[in-house]
$ cat structure16.cif   # mmCIF, C-alpha atoms
data_coords
#
loop_
_atom_site.label_atom_id
_atom_site.label_comp_id
_atom_site.auth_asym_id
_atom_site.auth_seq_id
_atom_site.Cartn_x
_atom_site.Cartn_y
_atom_site.Cartn_z
CA MET A 14 45.89 -22.29 15.47
CA SER A 15 45.95 -23.85 12.04
CA ILE A 16 48.82 -26.08 10.96
CA TRP A 17 48.58 -24.45 7.52
CA LEU A 18 49.26 -20.95 8.79
CA THR A 19 52.11 -22.25 10.93
CA MET A 20 53.79 -24.03 8.04
CA VAL A 21 53.43 -21.15 5.60
CA LEU A 22 55.08 -18.81 8.13
CA ALA A 23 57.76 -21.44 8.84
CA GLY A 24 58.34 -21.75 5.09
CA ILE A 25 58.77 -17.98 4.76
CA ILE A 26 61.21 -17.89 7.69
CA THR A 27 63.24 -20.74 6.20
CA PHE A 28 63.36 -19.14 2.77
CA VAL A 29 64.34 -15.71 4.15
CA ILE A 30 67.28 -17.29 6.02
CA ARG A 31 68.42 -19.16 2.91
CA VAL A 32 68.17 -16.16 0.59
CA SER A 33 69.51 -13.62 3.12
CA PHE A 34 73.22 -13.48 2.40
CA VAL A 35 72.72 -14.23 -1.28
CA LEU A 36 70.85 -10.92 -1.58
CA LEU A 37 73.01 -9.02 0.91
CA PHE A 38 76.28 -10.05 -0.77
CA GLY A 39 78.50 -7.03 -1.37
CA LYS A 40 76.22 -4.86 0.75
CA ILE A 41 77.32 -6.15 4.14
CA ARG A 42 80.32 -8.06 5.38
CA VAL A 43 79.77 -11.19 7.45
CA SER A 44 81.81 -10.51 10.58
CA THR A 45 84.04 -13.22 12.01
CA ARG A 46 81.95 -13.20 15.18
CA LEU A 47 78.69 -13.80 13.29
CA ASN A 48 80.37 -16.52 11.26
CA GLN A 49 81.55 -18.20 14.47
CA ALA A 50 78.06 -17.94 15.97
CA LEU A 51 76.45 -19.50 12.87
CA ASN A 52 79.00 -22.31 13.00
CA LEU A 53 77.97 -23.09 16.56
CA VAL A 54 74.24 -23.29 15.77
CA PRO A 55 74.11 -26.97 14.70
CA PRO A 56 75.88 -28.48 17.74
CA ALA A 57 73.97 -26.22 20.16
CA VAL A 58 70.53 -26.75 18.64
CA PHE A 59 70.83 -30.45 17.95
CA SER A 60 72.08 -31.29 21.46
CA ALA A 61 69.29 -29.18 22.93
CA ILE A 62 66.94 -31.61 21.20
CA ILE A 63 68.99 -34.79 21.85
CA PHE A 64 69.77 -34.40 25.58
CA PRO A 65 66.21 -34.01 26.95
CA ASP A 66 65.02 -36.99 24.91
CA MET A 67 67.86 -39.17 26.22
CA PHE A 68 68.15 -38.08 29.83
CA LEU A 69 64.59 -37.17 30.85
CA GLN A 70 61.58 -39.39 31.46
CA ASN A 71 58.28 -37.58 32.15
CA ASN A 72 60.30 -34.39 32.76
CA GLN A 73 62.37 -36.10 35.50
CA LEU A 74 66.11 -36.62 35.24
CA ALA A 75 66.58 -40.32 34.41
CA ILE A 76 70.28 -41.12 34.32
CA HIS A 77 70.07 -44.81 35.18
CA LEU A 78 70.25 -48.17 33.41
CA ASN A 79 66.47 -48.53 33.24
CA ASN A 80 66.37 -45.71 30.71
CA GLY A 81 66.26 -47.42 27.29
CA ARG A 82 66.54 -44.19 25.32
CA MET A 83 69.71 -43.25 27.17
CA ILE A 84 71.33 -46.64 26.54
CA ALA A 85 70.25 -46.78 22.88
CA GLY A 86 71.29 -43.14 22.41
CA MET A 87 74.77 -43.83 23.83
CA LEU A 88 75.08 -46.76 21.42
CA ALA A 89 74.05 -44.49 18.54
CA ILE A 90 76.56 -41.81 19.60
CA LEU A 91 79.30 -44.43 19.47
CA VAL A 92 78.23 -45.58 15.98
CA ALA A 93 77.88 -42.00 14.70
CA TRP A 94 81.32 -41.12 16.03
CA ARG A 95 83.00 -44.16 14.44
CA THR A 96 81.10 -44.39 11.12
CA ARG A 97 79.54 -40.93 10.44
CA ASN A 98 76.74 -42.87 8.77
CA ILE A 99 73.19 -41.57 9.35
CA VAL A 100 71.34 -44.75 8.35
CA LEU A 101 73.60 -46.99 10.44
CA THR A 102 73.24 -44.65 13.43
CA VAL A 103 69.44 -44.59 13.27
CA LEU A 104 69.25 -48.36 12.75
CA THR A 105 71.53 -49.12 15.68
CA GLY A 106 69.58 -46.80 17.96
CA MET A 107 66.18 -48.19 16.95
CA ILE A 108 67.28 -51.82 17.21
CA GLY A 109 68.91 -51.03 20.56
CA LEU A 110 65.76 -49.41 21.94
CA THR A 111 63.50 -52.18 20.63
CA LEU A 112 65.69 -54.91 22.14
CA PHE A 113 65.83 -53.02 25.43
CA GLN A 114 62.05 -52.70 25.56
CA MET A 115 61.58 -56.38 24.68
CA LEU A 116 64.04 -57.54 27.33
CA PHE A 117 63.26 -55.26 30.24
CA ASN A 118 59.67 -54.10 29.87
CA MET B 3 84.07 -32.74 -19.93
CA ASN B 4 82.50 -29.57 -21.28
CA ILE B 5 80.73 -27.27 -18.87
CA THR B 6 77.38 -27.24 -20.62
CA PRO B 7 74.07 -26.71 -18.80
CA ARG B 8 73.10 -30.31 -19.51
CA ASN B 9 76.38 -31.82 -18.25
CA GLU B 10 76.30 -29.69 -15.15
CA PHE B 11 72.65 -30.52 -14.42
CA LEU B 12 73.27 -34.27 -14.74
CA GLY B 13 76.50 -33.94 -12.76
CA GLY B 14 74.54 -32.35 -9.92
CA ILE B 15 72.07 -35.22 -9.88
CA ARG B 16 74.91 -37.78 -9.93
CA ALA B 17 76.73 -36.09 -7.05
CA GLU B 18 73.52 -36.05 -5.00
CA LEU B 19 72.71 -39.76 -5.50
CA PRO B 20 74.73 -41.22 -2.59
CA ILE B 21 73.13 -38.69 -0.22
CA LEU B 22 69.65 -39.62 -1.44
CA VAL B 23 70.13 -43.13 -0.05
CA GLY B 24 70.11 -41.57 3.42
CA VAL B 25 67.37 -39.05 2.61
CA ILE B 26 64.76 -41.64 1.60
CA PRO B 27 64.38 -43.25 5.06
CA PHE B 28 64.58 -39.78 6.65
CA GLY B 29 61.68 -38.54 4.49
CA MET B 30 59.67 -41.67 5.13
CA ILE B 31 60.12 -41.33 8.88
CA TYR B 32 59.08 -37.68 8.67
CA GLY B 33 55.88 -38.60 6.82
CA ALA B 34 54.98 -41.28 9.34
CA LEU B 35 55.90 -39.07 12.31
CA ALA B 36 53.90 -36.06 11.06
CA LEU B 37 50.85 -38.25 10.67
CA SER B 38 51.23 -39.72 14.16
CA ALA B 39 51.67 -36.16 15.53
CA GLY B 40 48.12 -35.47 14.38
CA ILE B 41 48.94 -33.42 11.27
CA PRO B 42 46.54 -34.28 8.41
CA ALA B 43 48.05 -36.22 5.50
CA ASN B 44 47.67 -33.37 2.98
CA ALA B 45 49.28 -30.85 5.35
CA SER B 46 52.12 -33.27 6.17
CA GLN B 47 52.85 -33.60 2.46
CA ALA B 48 52.54 -29.86 1.79
CA MET B 49 54.99 -29.09 4.58
CA SER B 50 57.70 -30.99 2.68
CA ALA B 51 57.28 -28.54 -0.21
CA ILE B 52 56.53 -25.34 1.73
CA VAL B 53 59.15 -25.63 4.46
CA PHE B 54 61.48 -28.12 2.71
CA ALA B 55 63.86 -28.49 5.66
CA GLY B 56 64.02 -31.95 7.21
CA SER B 57 65.17 -31.13 10.72
CA SER B 58 62.69 -28.33 11.30
CA GLN B 59 59.84 -30.38 9.84
CA PHE B 60 60.65 -33.10 12.40
CA VAL B 61 60.75 -30.56 15.21
CA MET B 62 57.52 -28.92 14.03
CA ALA B 63 55.75 -32.28 14.02
CA GLN B 64 57.00 -32.97 17.54
CA LEU B 65 56.00 -29.52 18.85
CA TRP B 66 52.63 -29.71 17.10
CA ALA B 67 51.87 -32.97 18.94
CA GLN B 68 52.66 -31.19 22.22
CA GLU B 69 50.29 -28.31 21.39
CA THR B 70 53.04 -25.69 21.44
CA PRO B 71 52.00 -22.06 20.77
CA ILE B 72 52.66 -20.90 17.21
CA PHE B 73 55.25 -18.23 18.07
CA VAL B 74 57.35 -20.75 20.00
CA MET B 75 57.18 -23.15 17.05
CA LEU B 76 58.24 -20.40 14.65
CA ALA B 77 61.06 -19.21 16.92
CA THR B 78 62.27 -22.82 17.13
CA VAL B 79 62.15 -23.23 13.35
CA PHE B 80 64.13 -19.99 13.05
CA VAL B 81 66.85 -21.21 15.39
CA VAL B 82 66.99 -24.72 13.91
CA ASN B 83 67.36 -23.27 10.39
CA LEU B 84 69.83 -20.50 11.30
CA ARG B 85 72.64 -22.70 10.05
CA HIS B 86 71.30 -22.17 6.53
CA GLY B 87 72.43 -18.56 6.89
CA LEU B 88 75.94 -19.95 6.92
CA TYR B 89 75.30 -21.79 3.65
CA SER B 90 73.72 -18.68 2.17
CA ALA B 91 76.82 -16.61 2.95
CA SER B 92 79.05 -19.37 1.61
CA VAL B 93 77.38 -19.82 -1.82
CA ALA B 94 76.59 -16.09 -2.29
CA PRO B 95 79.81 -15.17 -4.15
CA TYR B 96 79.29 -17.97 -6.68
CA ILE B 97 75.75 -17.04 -7.71
CA GLN B 98 76.02 -13.26 -7.69
CA HIS B 99 75.88 -12.95 -11.49
CA LEU B 100 72.53 -14.74 -11.74
CA SER B 101 69.08 -13.19 -12.12
CA ILE B 102 66.83 -12.69 -9.13
CA THR B 103 64.69 -15.67 -10.23
CA TRP B 104 67.73 -17.96 -10.23
CA LYS B 105 68.87 -16.62 -6.86
CA GLY B 106 65.41 -17.21 -5.41
CA ALA B 107 65.08 -20.72 -6.83
CA LEU B 108 68.56 -21.83 -5.77
CA SER B 109 68.07 -20.35 -2.28
CA TYR B 110 64.83 -22.29 -1.92
CA LEU B 111 66.79 -25.47 -2.78
CA LEU B 112 69.62 -24.66 -0.34
CA THR B 113 69.33 -27.57 2.12
CA ASP B 114 72.10 -29.28 4.11
CA GLU B 115 72.27 -32.07 1.56
CA ALA B 116 72.39 -29.85 -1.53
CA TYR B 117 74.87 -27.43 0.04
CA ALA B 118 77.32 -30.24 0.80
CA VAL B 119 77.76 -31.27 -2.85
CA VAL B 120 77.30 -27.80 -4.39
CA ILE B 121 80.02 -26.10 -2.36
CA THR B 122 82.43 -28.95 -3.09
CA HIS B 123 81.75 -28.49 -6.80
CA TYR B 124 82.22 -24.71 -6.72
CA ARG B 125 85.43 -24.98 -4.69
CA LYS B 126 86.89 -27.39 -7.22
CA PHE B 127 86.54 -24.66 -9.87
CA SER B 128 87.59 -21.75 -7.70
CA GLN B 129 90.79 -23.54 -6.70
CA ASP B 130 91.79 -23.95 -10.34
CA ALA B 131 90.86 -20.44 -11.36
CA LYS B 132 92.16 -18.49 -8.33
CA ASP B 133 89.40 -15.92 -8.90
CA LEU B 134 85.70 -16.29 -9.56
CA SER B 135 85.64 -15.01 -13.14
CA SER B 136 85.51 -18.46 -14.75
CA ILE B 137 82.55 -19.39 -12.60
CA ILE B 138 80.75 -16.15 -13.30
CA THR B 139 80.78 -16.96 -17.00
CA GLY B 140 80.19 -20.69 -16.41
CA LYS B 141 77.13 -22.87 -16.18
CA GLN B 142 77.84 -24.31 -12.73
CA HIS B 143 74.50 -23.08 -11.41
CA PHE B 144 72.90 -25.90 -13.40
CA PHE B 145 74.85 -28.30 -11.17
CA PHE B 146 73.26 -26.57 -8.15
CA LEU B 147 69.83 -26.86 -9.79
CA GLY B 148 70.32 -30.56 -10.60
CA ALA B 149 71.47 -31.45 -7.09
CA GLY B 150 68.68 -29.35 -5.53
CA LEU B 151 65.90 -30.78 -7.69
CA ALA B 152 67.12 -34.37 -7.20
CA LEU B 153 66.87 -33.85 -3.47
CA TRP B 154 63.56 -32.00 -3.71
CA SER B 155 61.78 -34.72 -5.68
CA THR B 156 63.21 -37.48 -3.50
CA TRP B 157 62.03 -35.63 -0.40
CA GLN B 158 58.48 -35.26 -1.75
CA ILE B 159 58.22 -38.90 -2.83
CA SER B 160 59.69 -40.34 0.37
CA THR B 161 57.34 -38.13 2.42
CA ALA B 162 54.40 -39.57 0.48
CA ILE B 163 55.58 -43.15 1.09
CA GLY B 164 56.05 -42.34 4.78
CA ILE B 165 52.53 -40.91 5.07
CA PHE B 166 51.18 -44.04 3.41
CA LEU B 167 53.18 -46.39 5.68
CA GLY B 168 52.51 -44.23 8.73
CA SER B 169 48.92 -45.38 8.76
CA ILE B 170 50.20 -48.98 9.05
CA ILE B 171 53.13 -48.67 11.52
CA PRO B 172 52.02 -49.51 15.09
CA GLU B 173 52.28 -46.81 17.80
CA SER B 174 54.53 -48.98 19.95
CA TRP B 175 57.47 -48.54 17.57
CA SER B 176 58.68 -45.31 19.26
CA LEU B 177 59.18 -43.64 15.86
CA ASP B 178 59.78 -40.28 17.53
CA PHE B 179 63.14 -41.57 18.79
CA THR B 180 64.42 -41.59 15.19
CA LEU B 181 64.47 -37.77 15.38
CA THR B 182 66.94 -37.86 18.24
CA LEU B 183 69.01 -40.53 16.50
CA THR B 184 69.13 -38.57 13.25
CA PHE B 185 70.34 -35.51 15.10
CA ILE B 186 73.00 -37.57 16.86
CA ALA B 187 74.22 -38.66 13.41
CA LEU B 188 74.22 -35.05 12.20
CA VAL B 189 75.91 -33.51 15.22
CA MET B 190 78.76 -35.96 15.88
CA PRO B 191 80.85 -35.11 12.78
CA SER B 192 80.62 -31.37 13.63
CA LEU B 193 82.25 -31.82 17.05
CA LYS B 194 85.81 -31.31 15.89
CA ARG B 195 86.95 -28.31 17.92
CA LYS B 196 86.60 -27.26 21.54
CA PRO B 197 84.08 -24.42 20.97
CA GLU B 198 81.71 -26.79 19.17
CA ILE B 199 82.02 -29.44 21.89
CA ILE B 200 81.32 -26.81 24.55
CA ALA B 201 78.34 -25.47 22.56
CA ALA B 202 76.93 -29.02 22.33
CA LEU B 203 77.41 -29.85 26.01
CA VAL B 204 76.10 -26.54 27.35
CA GLY B 205 73.20 -26.55 24.86
CA GLY B 206 72.20 -30.04 25.92
CA ILE B 207 72.55 -29.52 29.66
CA VAL B 208 70.66 -26.20 29.68
CA ALA B 209 67.88 -27.81 27.60
CA VAL B 210 67.60 -30.61 30.19
CA ILE B 211 67.48 -28.10 33.07
CA GLY B 212 65.01 -25.93 31.15
CA ALA B 213 62.73 -28.81 30.19
CA ALA B 214 60.28 -27.76 32.90
CA LEU B 215 60.00 -24.24 31.44
CA PRO B 216 56.59 -23.39 30.01
CA LEU B 217 55.92 -23.18 26.25
CA LYS B 218 58.75 -25.60 25.40
CA LEU B 219 61.25 -22.77 25.86
CA GLY B 220 63.90 -25.22 27.11
CA LEU B 221 65.03 -25.95 23.55
CA LEU B 222 65.46 -22.28 22.68
CA SER B 223 67.26 -21.38 25.89
CA GLY B 224 69.51 -24.43 25.49
CA ALA B 225 70.40 -23.47 21.92
CA LEU B 226 71.11 -19.87 22.88
CA ALA B 227 73.20 -20.82 25.92
CA GLY B 228 75.18 -23.29 23.80
CA ILE B 229 75.98 -20.70 21.13
CA LEU B 230 77.04 -18.12 23.75
CA ALA B 231 79.21 -20.64 25.60
CA GLY B 232 80.85 -21.67 22.33
CA LEU B 233 81.55 -18.02 21.41
CA TRP B 234 83.02 -17.45 24.85
CA SER B 235 85.32 -20.42 24.33
CA GLU B 236 86.42 -19.03 20.93
CA ARG B 237 87.29 -15.75 22.60
CA LEU B 238 89.51 -17.42 25.19
CA LYS B 239 91.81 -18.83 22.55
#
$ encode --input "structure16.cif" --output "structure tokens"
Amino acid sequence: MSIWLTMVLAGIITFVIRVSFVLLFGKIRVSTRLNQALNLVPPAVFSAIIFPDMFLQNNQLAIHLNNGRMIAGMLAILVAWRTRNIVLTVLTGMIGLTLFQMLFN
Amino acid sequence: MNITPRNEFLGGIRAELPILVGVIPFGMIYGALALSAGIPANASQAMSAIVFAGSSQFVMAQLWAQETPIFVMLATVFVVNLRHGLYSASVAPYIQHLSITWKGALSYLLTDEAYAVVITHYRKFSQDAKDLSSIITGKQHFFFLGAGLALWSTWQISTAIGIFLGSIIPESWSLDFTLTLTFIALVMPSLKRKPEIIAALVGGIVAVIGAALPLKLGLLSGALAGILAGLWSERLK
């Protein structure tokens, strides 16, 4: 399947979501429940991407100290929690992973 | 300061500047990552204009490298971008008076980074005015346009630089890990209340358990389980 077709469809989906409530304003009311659900999307989606990358190696659970991505990820979580700074978080995680790979691999 | 189109437009650009500092490396990493995922350079660049949503472009690059079926990729993009529905609902009252062209253009520019400064700007006015009438006659949509276009052009340029550098960066750098790290940085500040923490934990754990599922459905089932668990926790209160 072509990457072009995929991205055009993805672009349409993204645009429709962004324009949705702008066009529907006054025609429908956003229920509290829907609002709550939308609020929960970022934490749910982002952790569904983060966790497997940190805690799995070759599709096997890898919660041990030999797992560089888990260690570096934990470090990044700490930095993100304390500083809320994206650049600092990414830098810490990448430096952490690189050091880990240099030292233990 | 007068609320003229020009002042508002420049004000939007100024407000966006600090955020751009973080966007530049993000765009560069996307460009390099898309290239290493096997997406041709011209398509990688076009995606930044056609999709124009950082997180889902990262995820698409990752899924493309893993030869994921198109409908799973699109469903994932849908879920990852659902949060923009929240932004859409939140800016809707402020741009109701505009023409359909304006609504379309501003919606296209409605990213996380633009939303953050635009909603702050609108709220500043709506707090003073108590109702929306002053905004409906105002030129604040030029602020939205300025912030959106500043981000848009930065995103295109940093993608291009990333694509250029991507052909130089060695494979051994584990660039794909920056996706996870970026998401960690995005998710941590949102974990303020119990429902969000539960949504994050359940979403992550279900995604780990579901990683063996075919078609990369682990991500989708994790996201869905997280949202449902969070809603359930809201209900208990």
$ residues_around --input "structure16.cif" --residues "Leu110 of chain A" --least-positions-apart "4" --cutoff "8 Å" --atoms "only C-alpha atoms" --output "PyMOL selection string"
chain A and resi 81-82+84-85+106+114
$ residues_around --input "structure16.cif" --residues "segment 70-78 of chain B" --least-positions-apart "4" --cutoff "8 Å" --atoms "only C-alpha atoms" --output "ChimeraX atom specification"
/A:14,19,22-23,26 /B:62,65-66,82,217-219,221-222
$ closest_residue --input "structure16.cif" --among "B:Val120, B:Ala51, B:Leu177, B:Leu167" --to "Ala39 of chain B" --atoms "all atoms listed in the file"
B:Leu177
$ resolve_selection --input "structure16.cif" --expression "the PyMOL selection byres ((chain B) within 7 of (chain A))" --output "PyMOL selection string"
chain B and resi 24+45+49+52-53+72+76+79-80+82-88+90-91+94+106+109-110+112+180+182-187+189-192+198+201-202+205-207+209-210+213-214+221+224-225+228-229+232-233
$ residues_around --input "structure16.cif" --residues "Phe28 of chain B" --least-positions-apart "3" --cutoff "10 Å" --atoms "all atoms listed in the file" --output "count of residues only"
20
$ atom_distance --input "structure16.cif" --atom1 "atom CA of Leu78 of chain A" --atom2 "atom CA of Ser223 of chain B"
28.0 Å
$ closest_atom_pairs --input "structure16.cif" --of "segment 111-130 of chain B" --to "segment 4-17 of chain B" --cutoff "12 Å" --atoms "all atoms listed in the file" --output "tab-separated table"
residue	atom	partner	partner_atom	distance
B:Glu115	CA	B:Ala17	CA	10.5
B:Ala116	CA	B:Gly14	CA	9.0
B:Tyr117	CA	B:Gly14	CA	11.1
B:Ala118	CA	B:Ala17	CA	9.8
B:Val119	CA	B:Ala17	CA	6.5
B:Val120	CA	B:Gly14	CA	7.7
B:Ile121	CA	B:Gly14	CA	11.2
B:Thr122	CA	B:Ala17	CA	10.0
B:His123	CA	B:Gly14	CA	8.8
B:Tyr124	CA	B:Gly14	CA	11.3
B:Phe127	CA	B:Ile5	CA	11.0
$ atom_distance --input "structure16.cif" --atom1 "atom CA of Ala48 of chain B" --atom2 "atom CA of Val81 of chain B"
21.6 Å
$ atom_distance --input "structure16.cif" --atom1 "atom CA of Tyr89 of chain B" --atom2 "atom CA of Leu108 of chain B"
11.6 Å
$ decode --input "structure16.cif" --residues "segment 70-118 of chain A" --atoms "C-alpha atoms" --output "mmCIF file, in the first residue's frame"
data_model
loop_
_atom_site.group_PDB
_atom_site.id
_atom_site.type_symbol
_atom_site.label_atom_id
_atom_site.label_comp_id
_atom_site.auth_asym_id
_atom_site.auth_seq_id
_atom_site.Cartn_x
_atom_site.Cartn_y
_atom_site.Cartn_z
ATOM 1 C CA GLN A 70 12.499 -6.510 24.402
ATOM 2 C CA ASN A 71 11.721 -8.609 21.310
ATOM 3 C CA ASN A 72 8.113 -8.883 22.543
ATOM 4 C CA GLN A 73 9.253 -10.391 25.878
ATOM 5 C CA LEU A 74 8.690 -8.708 29.221
ATOM 6 C CA ALA A 75 12.072 -7.255 30.221
ATOM 7 C CA ILE A 76 11.794 -5.694 33.665
ATOM 8 C CA HIS A 77 15.421 -6.042 34.729
ATOM 9 C CA LEU A 78 18.529 -3.873 35.027
ATOM 10 C CA ASN A 79 19.939 -5.058 31.694
ATOM 11 C CA ASN A 80 17.177 -3.163 29.920
ATOM 12 C CA GLY A 81 18.731 0.172 28.901
ATOM 13 C CA ARG A 82 15.492 1.629 27.574
ATOM 14 C CA MET A 83 13.754 0.966 30.877
ATOM 15 C CA ILE A 84 16.530 2.624 32.898
ATOM 16 C CA ALA A 85 16.847 5.611 30.544
ATOM 17 C CA GLY A 86 13.042 5.912 30.374
ATOM 18 C CA MET A 87 12.776 5.983 34.188
ATOM 19 C CA LEU A 88 15.408 8.728 34.243
ATOM 20 C CA ALA A 89 13.429 10.675 31.635
ATOM 21 C CA ILE A 90 10.186 10.244 33.615
ATOM 22 C CA LEU A 91 11.923 11.748 36.635
ATOM 23 C CA VAL A 92 13.205 14.715 34.601
ATOM 24 C CA ALA A 93 9.827 15.264 32.899
ATOM 25 C CA TRP A 94 8.062 15.184 36.252
ATOM 26 C CA ARG A 95 10.446 17.691 37.877
ATOM 27 C CA THR A 96 11.088 20.071 34.939
ATOM 28 C CA ARG A 97 8.190 19.633 32.434
ATOM 29 C CA ASN A 98 10.784 20.418 29.782
ATOM 30 C CA ILE A 99 10.563 18.391 26.547
ATOM 31 C CA VAL A 100 14.099 19.079 25.296
ATOM 32 C CA LEU A 101 15.680 18.302 28.671
ATOM 33 C CA THR A 102 13.642 15.093 28.958
ATOM 34 C CA VAL A 103 14.646 13.832 25.509
ATOM 35 C CA LEU A 104 18.303 14.773 26.063
ATOM 36 C CA THR A 105 18.479 13.024 29.431
ATOM 37 C CA GLY A 106 16.889 9.882 28.021
ATOM 38 C CA MET A 107 19.144 9.752 24.956
ATOM 39 C CA ILE A 108 22.319 10.432 26.932
ATOM 40 C CA GLY A 109 21.213 7.846 29.498
ATOM 41 C CA LEU A 110 20.602 5.188 26.852
ATOM 42 C CA THR A 111 23.853 5.951 25.010
ATOM 43 C CA LEU A 112 25.902 5.751 28.228
ATOM 44 C CA PHE A 113 24.162 2.513 29.173
ATOM 45 C CA GLN A 114 24.928 0.957 25.793
ATOM 46 C CA MET A 115 28.554 2.112 25.948
ATOM 47 C CA LEU A 116 29.064 0.751 29.453
ATOM 48 C CA PHE A 117 27.194 -2.533 29.342
ATOM 49 C CA ASN A 118 27.088 -3.684 25.731
#
